[in-house]
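So this block is model_20.csv, CSV, C-alpha atoms:
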chain,number,residue,atom,x,y,z
C,202,MET,CA,-0.7,-30.8,-52.0
C,203,LYS,CA,1.6,-27.8,-51.7
C,204,ILE,CA,0.8,-25.1,-49.1
C,205,GLU,CA,2.5,-21.8,-49.5
C,206,VAL,CA,3.5,-20.8,-45.9
C,207,LYS,CA,6.0,-17.8,-46.2
C,208,LYS,CA,6.3,-17.5,-42.4
C,209,ASN,CA,9.3,-16.1,-40.5
C,210,ILE,CA,10.4,-18.8,-38.1
C,211,LEU,CA,11.6,-16.2,-35.6
C,212,ALA,CA,8.3,-14.2,-35.9
C,213,ARG,CA,7.0,-15.1,-32.5
C,214,ASN,CA,10.2,-13.9,-30.8
C,215,ASP,CA,10.4,-10.8,-33.0
C,216,THR,CA,6.8,-9.9,-32.2
C,217,ALA,CA,7.3,-10.2,-28.5
C,218,ALA,CA,10.6,-8.2,-28.8
C,219,ALA,CA,8.8,-5.4,-30.6
C,220,GLU,CA,6.2,-5.3,-27.9
C,221,ASN,CA,8.8,-5.1,-25.2
C,222,ARG,CA,10.6,-2.3,-27.0
C,223,GLU,CA,7.4,-0.4,-27.4
C,224,ARG,CA,6.5,-0.8,-23.8
C,225,LEU,CA,10.0,0.3,-22.6
C,226,SER,CA,10.0,3.3,-25.0
C,227,HIS,CA,6.6,4.3,-23.9
C,228,GLN,CA,7.7,4.3,-20.2
C,229,GLY,CA,11.1,5.9,-21.0
C,230,VAL,CA,13.0,3.0,-19.6
C,231,CYS,CA,16.4,2.0,-21.0
C,232,MET,CA,17.0,-1.7,-21.2
C,233,ILE,CA,20.5,-3.1,-21.9
C,234,ASN,CA,21.0,-6.7,-23.1
C,235,LEU,CA,24.4,-7.7,-21.7
C,236,MET,CA,26.0,-10.7,-23.4
C,237,ALA,CA,29.3,-12.5,-22.9
C,238,SER,CA,31.0,-15.8,-22.4
C,239,PRO,CA,30.7,-17.5,-19.0
C,240,GLY,CA,33.1,-15.9,-16.6
C,241,ALA,CA,33.8,-12.7,-18.7
C,242,GLY,CA,32.5,-10.6,-15.8
C,243,LYS,CA,28.9,-9.8,-16.6
C,244,THR,CA,27.7,-9.7,-13.0
C,245,SER,CA,30.8,-7.7,-11.9
C,246,VAL,CA,30.2,-5.1,-14.7
C,247,ILE,CA,26.6,-4.8,-13.6
C,248,MET,CA,27.6,-4.3,-10.0
C,249,LYS,CA,30.1,-1.5,-11.0
C,250,ALA,CA,27.2,0.2,-12.8
C,251,ILE,CA,25.0,-0.1,-9.7
C,252,GLU,CA,27.8,1.3,-7.5
C,253,SER,CA,28.1,4.4,-9.7
C,254,LEU,CA,24.6,5.0,-11.0
C,255,SER,CA,22.0,3.8,-8.4
C,256,ASP,CA,22.1,7.0,-6.4
C,257,ARG,CA,20.9,8.9,-9.6
C,258,TYR,CA,18.9,6.3,-11.5
C,259,ALA,CA,16.3,3.8,-10.5
C,260,MET,CA,17.6,0.4,-11.6
C,261,ALA,CA,16.6,-3.2,-11.8
C,262,VAL,CA,18.4,-6.3,-13.1
C,263,ILE,CA,17.1,-9.4,-14.9
C,264,GLU,CA,19.4,-12.3,-14.5
C,265,GLY,CA,19.4,-15.2,-17.0
C,266,ASP,CA,21.1,-18.4,-16.1
C,267,ILE,CA,20.6,-22.0,-16.9
C,268,ALA,CA,20.4,-22.7,-13.1
C,269,SER,CA,20.9,-21.1,-9.7
C,270,GLU,CA,20.1,-17.8,-8.0
C,271,ILE,CA,23.7,-16.8,-7.2
C,272,ASP,CA,23.7,-13.7,-9.4
C,273,SER,CA,20.3,-12.3,-8.4
C,274,LEU,CA,21.1,-12.8,-4.7
C,275,ALA,CA,24.4,-10.8,-5.3
C,276,ILE,CA,22.4,-8.0,-6.9
C,277,GLU,CA,19.7,-8.0,-4.2
C,278,ALA,CA,22.4,-7.7,-1.6
C,279,MET,CA,23.0,-4.2,-3.2
C,280,ASN,CA,19.4,-3.3,-2.6
C,281,ILE,CA,18.5,-3.4,-6.3
C,282,PRO,CA,15.5,-5.4,-7.5
C,283,ALA,CA,16.7,-8.5,-9.3
C,284,LEU,CA,14.6,-11.1,-11.1
C,285,GLN,CA,16.2,-14.5,-11.8
C,286,ILE,CA,15.2,-16.4,-14.9
C,287,ASN,CA,16.4,-20.0,-15.0
C,288,THR,CA,16.2,-21.2,-18.6
C,289,GLY,CA,16.6,-24.8,-17.5
C,290,GLY,CA,19.1,-25.7,-20.2
C,291,SER,CA,18.2,-23.2,-22.9
C,292,CYS,CA,21.3,-21.4,-24.0
C,293,HIS,CA,19.7,-17.9,-24.4
C,294,LEU,CA,17.0,-15.7,-23.1
C,295,THR,CA,13.9,-15.0,-25.3
C,296,ALA,CA,11.7,-12.0,-25.7
C,297,SER,CA,8.7,-13.7,-24.0
C,298,MET,CA,10.9,-14.6,-21.0
C,299,ILE,CA,11.7,-10.8,-20.7
C,300,SER,CA,8.1,-9.9,-21.2
C,301,SER,CA,7.1,-12.0,-18.2
C,302,ALA,CA,10.0,-10.5,-16.2
C,303,LEU,CA,8.9,-6.9,-17.1
C,304,ASP,CA,5.4,-7.7,-15.7
C,305,HIS,CA,7.1,-8.1,-12.3
C,306,LEU,CA,8.9,-4.7,-12.4
C,307,ASP,CA,7.4,-1.3,-11.7
C,308,LEU,CA,8.4,0.3,-15.0
C,309,ASP,CA,6.8,3.6,-14.0
C,310,SER,CA,9.5,4.2,-11.5
C,311,LEU,CA,12.5,2.7,-13.3
C,312,ASP,CA,15.1,4.4,-15.5
C,313,LEU,CA,17.3,1.4,-16.3
C,314,VAL,CA,16.9,-2.4,-16.6
C,315,ILE,CA,20.1,-4.4,-17.2
C,316,VAL,CA,19.5,-7.9,-18.6
C,317,GLU,CA,22.3,-10.4,-18.0
C,318,ASN,CA,21.9,-12.9,-20.7
C,319,VAL,CA,23.0,-16.6,-20.4
C,320,GLY,CA,26.8,-16.9,-20.7
C,321,ASN,CA,27.3,-17.7,-24.4
C,322,LEU,CA,28.7,-15.8,-27.4
C,323,VAL,CA,26.6,-17.5,-30.1
C,324,CYS,CA,22.9,-18.0,-29.3
C,325,PRO,CA,22.0,-14.8,-27.4
C,326,ALA,CA,23.1,-12.7,-30.5
C,327,GLU,CA,20.3,-14.3,-32.6
C,328,PHE,CA,17.4,-13.5,-30.2
C,329,ASP,CA,16.1,-9.9,-30.0
C,330,LEU,CA,14.8,-9.2,-26.5
C,331,GLY,CA,13.3,-5.8,-27.3
C,332,GLU,CA,16.3,-4.1,-25.6
C,333,THR,CA,17.1,-0.5,-26.3
C,334,GLY,CA,20.9,-1.2,-26.3
C,335,ARG,CA,23.1,-4.3,-26.8
C,336,VAL,CA,26.4,-4.6,-25.0
C,337,MET,CA,28.9,-7.4,-24.9
C,338,ILE,CA,32.0,-8.1,-22.8
C,339,ALA,CA,35.2,-9.6,-24.2
C,340,SER,CA,37.7,-10.3,-21.4
C,341,ILE,CA,41.4,-10.3,-21.6
C,342,THR,CA,41.7,-13.9,-20.5
C,343,GLU,CA,39.6,-15.1,-23.4
C,344,GLY,CA,42.2,-13.9,-25.9
C,345,HIS,CA,42.2,-11.3,-28.7
C,346,ASP,CA,41.1,-13.7,-31.4
C,347,LYS,CA,37.5,-13.9,-30.3
C,348,PRO,CA,36.1,-11.4,-32.8
C,349,HIS,CA,37.5,-13.6,-35.6
C,350,LYS,CA,35.7,-16.6,-34.1
C,351,TYR,CA,32.4,-15.0,-33.1
C,352,PRO,CA,31.9,-12.2,-35.6
C,353,THR,CA,28.1,-12.0,-35.4
C,354,ILE,CA,27.9,-10.8,-31.8
C,355,PHE,CA,30.8,-8.3,-32.2
C,356,LYS,CA,29.1,-6.9,-35.3
C,357,GLU,CA,25.7,-6.5,-33.8
C,358,VAL,CA,26.3,-4.8,-30.4
C,359,ASP,CA,26.3,-1.1,-29.6
C,360,ALA,CA,29.2,-1.3,-27.2
C,361,ILE,CA,32.0,-3.8,-26.4
C,362,LEU,CA,33.5,-3.8,-22.9
C,363,VAL,CA,37.1,-5.1,-22.7
C,364,ASN,CA,37.1,-6.4,-19.2
C,365,LYS,CA,39.9,-7.6,-16.8
C,366,ILE,CA,42.3,-5.0,-18.4
C,367,ASP,CA,44.3,-5.3,-15.1
C,368,LEU,CA,45.4,-8.8,-16.3
C,369,LEU,CA,46.9,-7.4,-19.6
C,370,PRO,CA,50.6,-7.7,-18.3
C,371,TYR,CA,50.1,-11.4,-17.6
C,372,CYS,CA,48.3,-12.5,-20.8
C,373,ASP,CA,49.3,-12.6,-24.5
C,374,PHE,CA,46.5,-10.4,-25.5
C,375,ASP,CA,47.3,-8.3,-28.6
C,376,MET,CA,45.2,-5.1,-28.0
C,377,ALA,CA,46.1,-3.4,-31.3
C,378,SER,CA,45.0,-6.5,-33.2
C,379,PHE,CA,41.8,-6.8,-31.2
C,380,HIS,CA,40.9,-3.1,-31.8
C,381,GLN,CA,41.7,-3.4,-35.5
C,382,VAL,CA,39.5,-6.4,-36.1
C,383,VAL,CA,36.6,-5.0,-34.0
C,384,GLU,CA,36.8,-1.7,-35.8
C,385,GLY,CA,36.5,-3.6,-39.1
C,386,LEU,CA,33.5,-5.6,-37.9
C,387,ASN,CA,31.7,-2.8,-36.1
C,388,PRO,CA,32.9,0.7,-37.0
C,389,ASP,CA,30.1,2.4,-35.0
C,390,GLY,CA,30.5,0.3,-31.9
C,391,ALA,CA,32.0,1.9,-28.7
C,392,VAL,CA,35.0,0.0,-27.3
C,393,ILE,CA,35.5,0.5,-23.6
C,394,GLU,CA,38.5,-0.9,-21.8
C,395,LEU,CA,37.8,-1.5,-18.1
C,396,SER,CA,38.7,-3.5,-15.0
C,397,CYS,CA,36.1,-4.4,-12.4
C,398,LYS,CA,39.0,-5.2,-10.1
C,399,ASP,CA,40.6,-1.8,-9.8
C,400,GLY,CA,37.8,0.3,-11.3
C,401,TYR,CA,39.7,1.5,-14.4
C,402,GLY,CA,37.3,2.5,-17.2
C,403,THR,CA,34.2,2.2,-15.1
C,404,ASP,CA,33.5,5.9,-15.6
C,405,ASP,CA,33.5,5.4,-19.3
C,406,TRP,CA,31.1,2.4,-19.0
C,407,CYS,CA,28.7,4.3,-16.7
C,408,GLY,CA,29.0,7.4,-19.0
C,409,TRP,CA,27.9,5.2,-21.9
C,410,ILE,CA,24.9,4.0,-19.9
C,411,GLU,CA,23.9,7.5,-18.9
C,412,THR,CA,24.0,8.6,-22.5
C,413,ALA,CA,21.7,5.6,-23.4
C,414,ILE,CA,19.3,6.6,-20.6
C,415,THR,CA,19.3,10.2,-21.7
C,416,GLU,CA,18.5,9.2,-25.3
C,417,ILE,CA,15.5,7.2,-24.3
C,418,LYS,CA,14.2,10.0,-22.0
C,419,THR,CA,14.8,12.6,-24.7
C,420,ARG,CA,12.9,10.5,-27.3
C,421,LEU,CA,10.0,10.1,-24.9
C,422,SER,CA,9.7,13.8,-24.2
C,423,SER,CA,10.0,14.9,-27.9
D,224,MET,CA,22.2,-25.2,-29.7
D,225,HIS,CA,19.9,-22.3,-30.5
D,226,GLU,CA,18.6,-24.5,-33.4
D,227,TYR,CA,16.5,-26.3,-30.8
D,228,ALA,CA,14.3,-23.2,-30.3
D,229,ILE,CA,14.3,-22.6,-34.0
D,230,THR,CA,13.1,-26.2,-34.7
D,231,GLU,CA,10.4,-25.9,-32.1
D,232,SER,CA,9.1,-22.8,-34.0
D,233,ILE,CA,9.3,-24.6,-37.4
D,234,LEU,CA,7.3,-27.5,-36.0
D,235,GLU,CA,4.7,-25.2,-34.5
D,236,ILE,CA,4.2,-23.4,-37.8
D,237,VAL,CA,4.1,-26.7,-39.8
D,238,GLN,CA,1.6,-28.3,-37.4
D,239,THR,CA,-0.7,-25.3,-37.5
D,240,GLU,CA,-0.6,-25.1,-41.3
D,241,ALA,CA,-1.1,-28.9,-41.7
D,242,VAL,CA,-4.1,-29.0,-39.3
D,243,GLU,CA,-5.7,-26.0,-41.0
D,244,ALA,CA,-5.4,-27.8,-44.4
D,245,GLY,CA,-6.8,-31.1,-42.9
D,246,ALA,CA,-3.6,-32.9,-43.8
D,247,ARG,CA,-2.9,-36.5,-42.6
D,248,ARG,CA,0.8,-36.3,-43.2
D,249,VAL,CA,3.5,-33.7,-44.0
D,250,ASP,CA,5.9,-35.0,-46.7
D,251,GLU,CA,8.2,-32.0,-47.1
D,252,VAL,CA,9.0,-28.7,-45.4
D,253,LYS,CA,10.9,-26.1,-47.5
D,254,VAL,CA,13.0,-23.8,-45.3
D,255,VAL,CA,14.7,-20.7,-46.7
D,256,ILE,CA,17.9,-19.7,-44.9
D,257,GLY,CA,19.9,-16.5,-45.8
D,258,GLU,CA,23.6,-17.4,-46.4
D,259,LEU,CA,24.7,-15.1,-43.6
D,260,SER,CA,22.3,-16.6,-41.0
D,261,SER,CA,24.1,-18.6,-38.3
D,262,PHE,CA,21.7,-21.5,-38.1
D,263,ALA,CA,23.2,-25.0,-38.9
D,264,GLU,CA,21.0,-27.1,-41.2
D,265,SER,CA,22.3,-30.4,-39.8
D,266,SER,CA,21.3,-29.3,-36.2
D,267,ILE,CA,17.8,-28.3,-37.3
D,268,GLU,CA,17.4,-31.7,-39.1
D,269,PHE,CA,18.6,-33.5,-36.0
D,270,TYR,CA,16.2,-31.7,-33.7
D,271,PHE,CA,13.3,-31.9,-36.2
D,272,GLU,CA,13.6,-35.7,-36.3
D,273,GLU,CA,13.3,-35.9,-32.5
D,274,LEU,CA,10.7,-33.2,-32.0
D,275,SER,CA,8.4,-34.3,-34.8
D,276,ARG,CA,8.0,-37.8,-33.5
D,277,GLY,CA,4.3,-38.6,-33.0
D,278,THR,CA,3.2,-35.5,-34.8
D,279,VAL,CA,1.7,-35.0,-38.2
D,280,ALA,CA,5.1,-33.9,-39.4
D,281,GLU,CA,6.9,-37.1,-38.4
D,282,GLY,CA,9.1,-38.4,-41.2
D,283,ALA,CA,8.8,-35.2,-43.2
D,284,CYS,CA,11.8,-34.3,-45.3
D,285,LEU,CA,13.4,-30.9,-44.6
D,286,VAL,CA,14.6,-29.1,-47.8
D,287,PHE,CA,16.8,-26.1,-47.3
D,288,GLU,CA,17.2,-23.3,-49.8
D,289,LYS,CA,20.1,-20.9,-49.4
D,290,LEU,CA,19.3,-17.3,-50.1
D,291,GLU,CA,22.3,-15.3,-51.5
D,292,ALA,CA,23.2,-12.2,-49.5
D,293,ASN,CA,23.0,-8.7,-50.8
D,294,ALA,CA,24.2,-5.5,-49.4
D,295,GLU,CA,24.3,-1.8,-50.2
D,296,CYS,CA,27.4,0.3,-49.4
D,297,CYS,CA,26.6,3.2,-47.1
D,298,ALA,CA,29.5,5.2,-48.6
D,299,CYS,CA,29.2,4.8,-52.4
D,300,GLY,CA,25.9,3.1,-52.7
D,301,SER,CA,27.1,0.2,-54.8
D,302,GLY,CA,25.5,-3.2,-54.3
D,303,PHE,CA,27.5,-6.4,-53.6
D,304,ARG,CA,27.4,-9.8,-52.0
D,305,PRO,CA,29.0,-9.9,-48.6
D,306,ARG,CA,30.4,-13.4,-48.0
D,307,ASN,CA,30.9,-13.0,-44.3
D,308,ALA,CA,30.9,-10.5,-41.4
D,309,PHE,CA,34.3,-9.1,-42.3
D,310,TYR,CA,33.4,-8.0,-45.7
D,311,SER,CA,34.0,-4.5,-47.1
D,312,CYS,CA,32.6,-2.8,-50.2
D,313,PRO,CA,34.6,-4.1,-53.3
D,314,ALA,CA,34.1,-0.7,-55.0
D,315,CYS,CA,35.3,1.7,-52.3
D,316,GLY,CA,36.5,-0.4,-49.4
D,317,SER,CA,34.0,1.0,-46.9
D,318,ARG,CA,33.1,-1.4,-44.1
D,319,LEU,CA,29.7,0.3,-43.5
D,320,PHE,CA,27.0,-1.4,-45.4
D,321,GLU,CA,23.4,-2.1,-45.1
D,322,LEU,CA,22.5,-5.8,-45.4
D,323,LYS,CA,19.4,-6.0,-47.7
D,324,ARG,CA,19.3,-9.8,-47.7
D,325,GLY,CA,21.1,-12.8,-46.2
D,326,LYS,CA,19.8,-13.3,-42.7
D,327,GLU,CA,16.4,-14.7,-43.6
D,328,LEU,CA,14.9,-17.7,-41.9
D,329,TYR,CA,11.4,-18.7,-43.0
D,330,ILE,CA,9.2,-21.5,-44.1
D,331,ASP,CA,8.5,-21.2,-47.7
D,332,SER,CA,6.0,-24.0,-48.2
D,333,ILE,CA,5.0,-27.5,-47.1
D,334,GLU,CA,3.9,-30.5,-49.1
D,335,VAL,CA,1.1,-32.4,-47.4
D,336,GLU,CA,-1.2,-35.4,-48.0
Using structure tokens, write down the structure from this file.
Amino acid sequence: MKIEVKKNILARNDTAAAENRERLSHQGVCMINLMASPGAGKTSVIMKAIESLSDRYAMAVIEGDIASEIDSLAIEAMNIPALQINTGGSCHLTASMISSALDHLDLDSLDLVIVENVGNLVCPAEFDLGETGRVMIASITEGHDKPHKYPTIFKEVDAILVNKIDLLPYCDFDMASFHQVVEGLNPDGAVIELSCKDGYGTDDWCGWIETAITEIKTRLSS
Amino acid sequence: MHEYAITESILEIVQTEAVEAGARRVDEVKVVIGELSSFAESSIEFYFEELSRGTVAEGACLVFEKLEANAECCACGSGFRPRNAFYSCPACGSRLFELKRGKELYIDSIEVE
């Protein structure tokens, strides 16, 4: 006997993501899903945002890792609420994991939640978390060819941070080629060069976040 | 590796449908995948064999149907089939296009006994 099913396999995640997005929009909270390879500088980039923005905006961080609390402890040391999700082997965060994490945050008093996804350039791009903005990091040490190899994530983010720009003189990273390929994949995406080591470009990164926060607040009030 | 989570969802949907229909066994699961989706069929098959053990879907054959991609150019409005993420409109060369089809992932039907 044949049964017509016609059901989206990602439906459960998509439904949970839509609920998260609705909840955040309703509260006027900006949530950034930050994705990158292991070691690209996700936690450092978040810490730079905390240094620059936490005096003006109420922030919280959700840390996704397969194991350990190293990242959430580093964020808590900066007096910012941090929730650690240990996926226990899973290569990405899901919308329902974020939903449970949001239950533990006081959304009424928050302006910004940054989600640090599990270090991976493939799987996180496929799972909508209900974020209001998607950001990825490509670091200089990874090489300029990564947009060729992982086009989906480069195509689907709102901003690409090129981190560890201070290491440019020591690496064979072809910046012109990188920009050209990224522009072709994602003409609307912002590309921000920065260094968490010396602070270069962190104003641009934080400016991008502020614009994202303002957009959410404006949408709420209109 | 994200196919593990996908396969769990496939199995959940298949089990629910099979139980509702009072089926003893699932023979076939037809999965439709858009040609630009980044899910590997061989990985889904591998996980399905492992995860379905001891369930009503054990031994079921997975049949994949590829769905051709289709896009509409944001600049000139012409329709075309983008073959990958680097594609541009063959009519005007614009890289801005709206994907109408090609990233689907759904269960079309199941065959049960």
Can you tell me, as number ranges by chain, which residues sit within 9 Å of (30.9, -10.1, -43.8) in the file's frame, using all atoms listed in the file? C: 352, 386; D: 259, 304-311, 318
Measuring atom to atom with all atoms listed in the file, identify which of D:Gly277, D:Gly316, D:Gly245, D:Gly257 is nearest to Ala292 of chain D.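 Among the listed residues, D:Gly257 lies closest to Ala292 of chain D.
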If you count only C-alpha atoms, which residues fall within 8 Å of segment 263-272 of chain D, apart from same-chain ones fewer than 4 positions away, as an MDAnalysis selection string? chainID D and resid 224 226:227 229:231 234 276 281:282 285 287
Dump C-alpha atoms for the selected residues as a JSON list (two decimals), in the coordinates of the input?
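Output contents, as saved in again21.json:
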[["chain", "number", "residue", "atom", "x", "y", "z"],
["D", 224, "MET", "CA", 22.20, -25.20, -29.70],
["D", 226, "GLU", "CA", 18.60, -24.50, -33.40],
["D", 227, "TYR", "CA", 16.50, -26.30, -30.80],
["D", 229, "ILE", "CA", 14.30, -22.60, -34.00],
["D", 230, "THR", "CA", 13.10, -26.20, -34.70],
["D", 231, "GLU", "CA", 10.40, -25.90, -32.10],
["D", 234, "LEU", "CA", 7.30, -27.50, -36.00],
["D", 276, "ARG", "CA", 8.00, -37.80, -33.50],
["D", 281, "GLU", "CA", 6.90, -37.10, -38.40],
["D", 282, "GLY", "CA", 9.10, -38.40, -41.20],
["D", 285, "LEU", "CA", 13.40, -30.90, -44.60],
["D", 287, "PHE", "CA", 16.80, -26.10, -47.30]]
Could you state the separation of atom CA of Leu313 of chain C and atom CA of Asn364 of chain C in Å, given to one decimal place?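 The value is 21.5 Å.
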Between chain D and chain C, at 8 Å or less, what are the per-residue closest atom pairs and their distances in Å? Count only C-alpha atoms, order by chain and rising residue number, and return it as JSON lines.
{"residue": "D:Met224", "atom": "CA", "partner": "C:Cys292", "partner_atom": "CA", "distance": 6.9}
{"residue": "D:His225", "atom": "CA", "partner": "C:Cys324", "partner_atom": "CA", "distance": 5.4}
{"residue": "D:Ile229", "atom": "CA", "partner": "C:Ile210", "partner_atom": "CA", "distance": 6.8}
{"residue": "D:Ser232", "atom": "CA", "partner": "C:Ile210", "partner_atom": "CA", "distance": 5.9}
{"residue": "D:Ile233", "atom": "CA", "partner": "C:Ile210", "partner_atom": "CA", "distance": 5.9}
{"residue": "D:Ile236", "atom": "CA", "partner": "C:Ile210", "partner_atom": "CA", "distance": 7.7}
{"residue": "D:Glu240", "atom": "CA", "partner": "C:Val206", "partner_atom": "CA", "distance": 7.5}
{"residue": "D:Ala308", "atom": "CA", "partner": "C:Pro352", "partner_atom": "CA", "distance": 6.1}
{"residue": "D:Phe309", "atom": "CA", "partner": "C:Leu386", "partner_atom": "CA", "distance": 5.7}
{"residue": "D:Arg318", "atom": "CA", "partner": "C:Gly385", "partner_atom": "CA", "distance": 6.4}
{"residue": "D:Leu319", "atom": "CA", "partner": "C:Pro388", "partner_atom": "CA", "distance": 7.3}
{"residue": "D:Glu327", "atom": "CA", "partner": "C:Asn209", "partner_atom": "CA", "distance": 7.9}
{"residue": "D:Leu328", "atom": "CA", "partner": "C:Asn209", "partner_atom": "CA", "distance": 6.0}
{"residue": "D:Tyr329", "atom": "CA", "partner": "C:Asn209", "partner_atom": "CA", "distance": 4.2}
{"residue": "D:Ile330", "atom": "CA", "partner": "C:Lys208", "partner_atom": "CA", "distance": 5.2}
{"residue": "D:Asp331", "atom": "CA", "partner": "C:Lys207", "partner_atom": "CA", "distance": 4.5}
{"residue": "D:Ser332", "atom": "CA", "partner": "C:Glu205", "partner_atom": "CA", "distance": 4.3}
{"residue": "D:Ile333", "atom": "CA", "partner": "C:Ile204", "partner_atom": "CA", "distance": 5.2}
{"residue": "D:Glu334", "atom": "CA", "partner": "C:Lys203", "partner_atom": "CA", "distance": 4.4}
{"residue": "D:Val335", "atom": "CA", "partner": "C:Met202", "partner_atom": "CA", "distance": 5.2}
{"residue": "D:Glu336", "atom": "CA", "partner": "C:Met202", "partner_atom": "CA", "distance": 6.1}
9 Å contact set for segment 299-302 of chain C, only C-alpha atoms, chain neighbours under 2 positions out, as a PDB file with C-alpha atoms, in the coordinates of the input:
ATOM      1  CA  ALA C 217       7.300 -10.200 -28.500  1.00  0.00           C
ATOM      2  CA  ALA C 218      10.600  -8.200 -28.800  1.00  0.00           C
ATOM      3  CA  GLU C 220       6.200  -5.300 -27.900  1.00  0.00           C
ATOM      4  CA  ASN C 221       8.800  -5.100 -25.200  1.00  0.00           C
ATOM      5  CA  ILE C 263      17.100  -9.400 -14.900  1.00  0.00           C
ATOM      6  CA  LEU C 284      14.600 -11.100 -11.100  1.00  0.00           C
ATOM      7  CA  GLN C 285      16.200 -14.500 -11.800  1.00  0.00           C
ATOM      8  CA  ILE C 286      15.200 -16.400 -14.900  1.00  0.00           C
ATOM      9  CA  LEU C 294      17.000 -15.700 -23.100  1.00  0.00           C
ATOM     10  CA  THR C 295      13.900 -15.000 -25.300  1.00  0.00           C
ATOM     11  CA  ALA C 296      11.700 -12.000 -25.700  1.00  0.00           C
ATOM     12  CA  SER C 297       8.700 -13.700 -24.000  1.00  0.00           C
ATOM     13  CA  ASP C 304       5.400  -7.700 -15.700  1.00  0.00           C
ATOM     14  CA  HIS C 305       7.100  -8.100 -12.300  1.00  0.00           C
ATOM     15  CA  LEU C 306       8.900  -4.700 -12.400  1.00  0.00           C
ATOM     16  CA  VAL C 316      19.500  -7.900 -18.600  1.00  0.00           C
ATOM     17  CA  LEU C 330      14.800  -9.200 -26.500  1.00  0.00           C
ATOM     18  CA  GLY C 331      13.300  -5.800 -27.300  1.00  0.00           C
TER      19      GLY C 331
END
Within 7 Å of Val363 of chain C, counting all atoms listed in the file, which residues qualify if same-chain residues fewer than 3 places away don't, as an NGL selection string? :C and (338-341 or 366 or 393-395)
What separation in Å, quoted to one decimal, exists between atom CA of Asn321 of chain C and atom CA of Met236 of chain C?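 Distance reported for this atom pair: 7.2 Å.
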Distance of atom CA of His345 of chain C from atom CA of Asp375 of chain C, expressed in Å to one decimal place: 5.9 Å
Nearby residues, (18.1, 10.9, -14.7) file frame, 12 Å, only C-alpha atoms, as a VMD selection string: chain C and resid 229 to 231 254 to 260 310 to 313 410 to 419
Give me, as a ChimeraX atom specification, all polymer residues having an atom no more than 10 Å from Glu252 of chain C, counting all atoms listed in the file and skipping those fewer than 5 positions away in the same chain. /C:246-247,279,403,407
Please export segment 410-422 of chain C as a PDB file, in the first residue's frame, restricted to N, CA and C atoms.
ATOM      1  N   ILE C 410      26.841  45.220  14.096  1.00  0.00           N
ATOM      2  CA  ILE C 410      25.923  44.677  15.126  1.00  0.00           C
ATOM      3  C   ILE C 410      24.924  45.760  15.547  1.00  0.00           C
ATOM      4  N   GLU C 411      25.424  46.981  15.760  1.00  0.00           N
ATOM      5  CA  GLU C 411      24.526  48.067  16.199  1.00  0.00           C
ATOM      6  C   GLU C 411      23.424  48.319  15.184  1.00  0.00           C
ATOM      7  N   THR C 412      23.790  48.284  13.901  1.00  0.00           N
ATOM      8  CA  THR C 412      22.783  48.469  12.850  1.00  0.00           C
ATOM      9  C   THR C 412      21.742  47.356  12.934  1.00  0.00           C
ATOM     10  N   ALA C 413      22.213  46.124  13.174  1.00  0.00           N
ATOM     11  CA  ALA C 413      21.290  44.977  13.270  1.00  0.00           C
ATOM     12  C   ALA C 413      20.353  45.144  14.468  1.00  0.00           C
ATOM     13  N   ILE C 414      20.892  45.618  15.598  1.00  0.00           N
ATOM     14  CA  ILE C 414      20.062  45.834  16.798  1.00  0.00           C
ATOM     15  C   ILE C 414      19.016  46.909  16.505  1.00  0.00           C
ATOM     16  N   THR C 415      19.475  48.016  15.887  1.00  0.00           N
ATOM     17  CA  THR C 415      18.568  49.130  15.586  1.00  0.00           C
ATOM     18  C   THR C 415      17.437  48.692  14.664  1.00  0.00           C
ATOM     19  N   GLU C 416      17.771  47.867  13.670  1.00  0.00           N
ATOM     20  CA  GLU C 416      16.737  47.387  12.726  1.00  0.00           C
ATOM     21  C   GLU C 416      15.640  46.617  13.458  1.00  0.00           C
ATOM     22  N   ILE C 417      16.045  45.766  14.387  1.00  0.00           N
ATOM     23  CA  ILE C 417      15.065  44.951  15.129  1.00  0.00           C
ATOM     24  C   ILE C 417      14.180  45.867  15.992  1.00  0.00           C
ATOM     25  N   LYS C 418      14.820  46.828  16.652  1.00  0.00           N
ATOM     26  CA  LYS C 418      14.062  47.748  17.549  1.00  0.00           C
ATOM     27  C   LYS C 418      13.097  48.609  16.718  1.00  0.00           C
ATOM     28  N   THR C 419      13.584  49.071  15.540  1.00  0.00           N
ATOM     29  CA  THR C 419      12.742  49.917  14.684  1.00  0.00           C
ATOM     30  C   THR C 419      11.530  49.128  14.205  1.00  0.00           C
ATOM     31  N   ARG C 420      11.767  47.869  13.818  1.00  0.00           N
ATOM     32  CA  ARG C 420      10.674  47.020  13.339  1.00  0.00           C
ATOM     33  C   ARG C 420       9.634  46.816  14.451  1.00  0.00           C
ATOM     34  N   LEU C 421      10.139  46.689  15.681  1.00  0.00           N
ATOM     35  CA  LEU C 421       9.243  46.449  16.819  1.00  0.00           C
ATOM     36  C   LEU C 421       8.352  47.665  17.068  1.00  0.00           C
ATOM     37  N   SER C 422       8.966  48.869  16.952  1.00  0.00           N
ATOM     38  CA  SER C 422       8.211  50.077  17.294  1.00  0.00           C
ATOM     39  C   SER C 422       7.306  50.555  16.155  1.00  0.00           C
TER      40      SER C 422
END
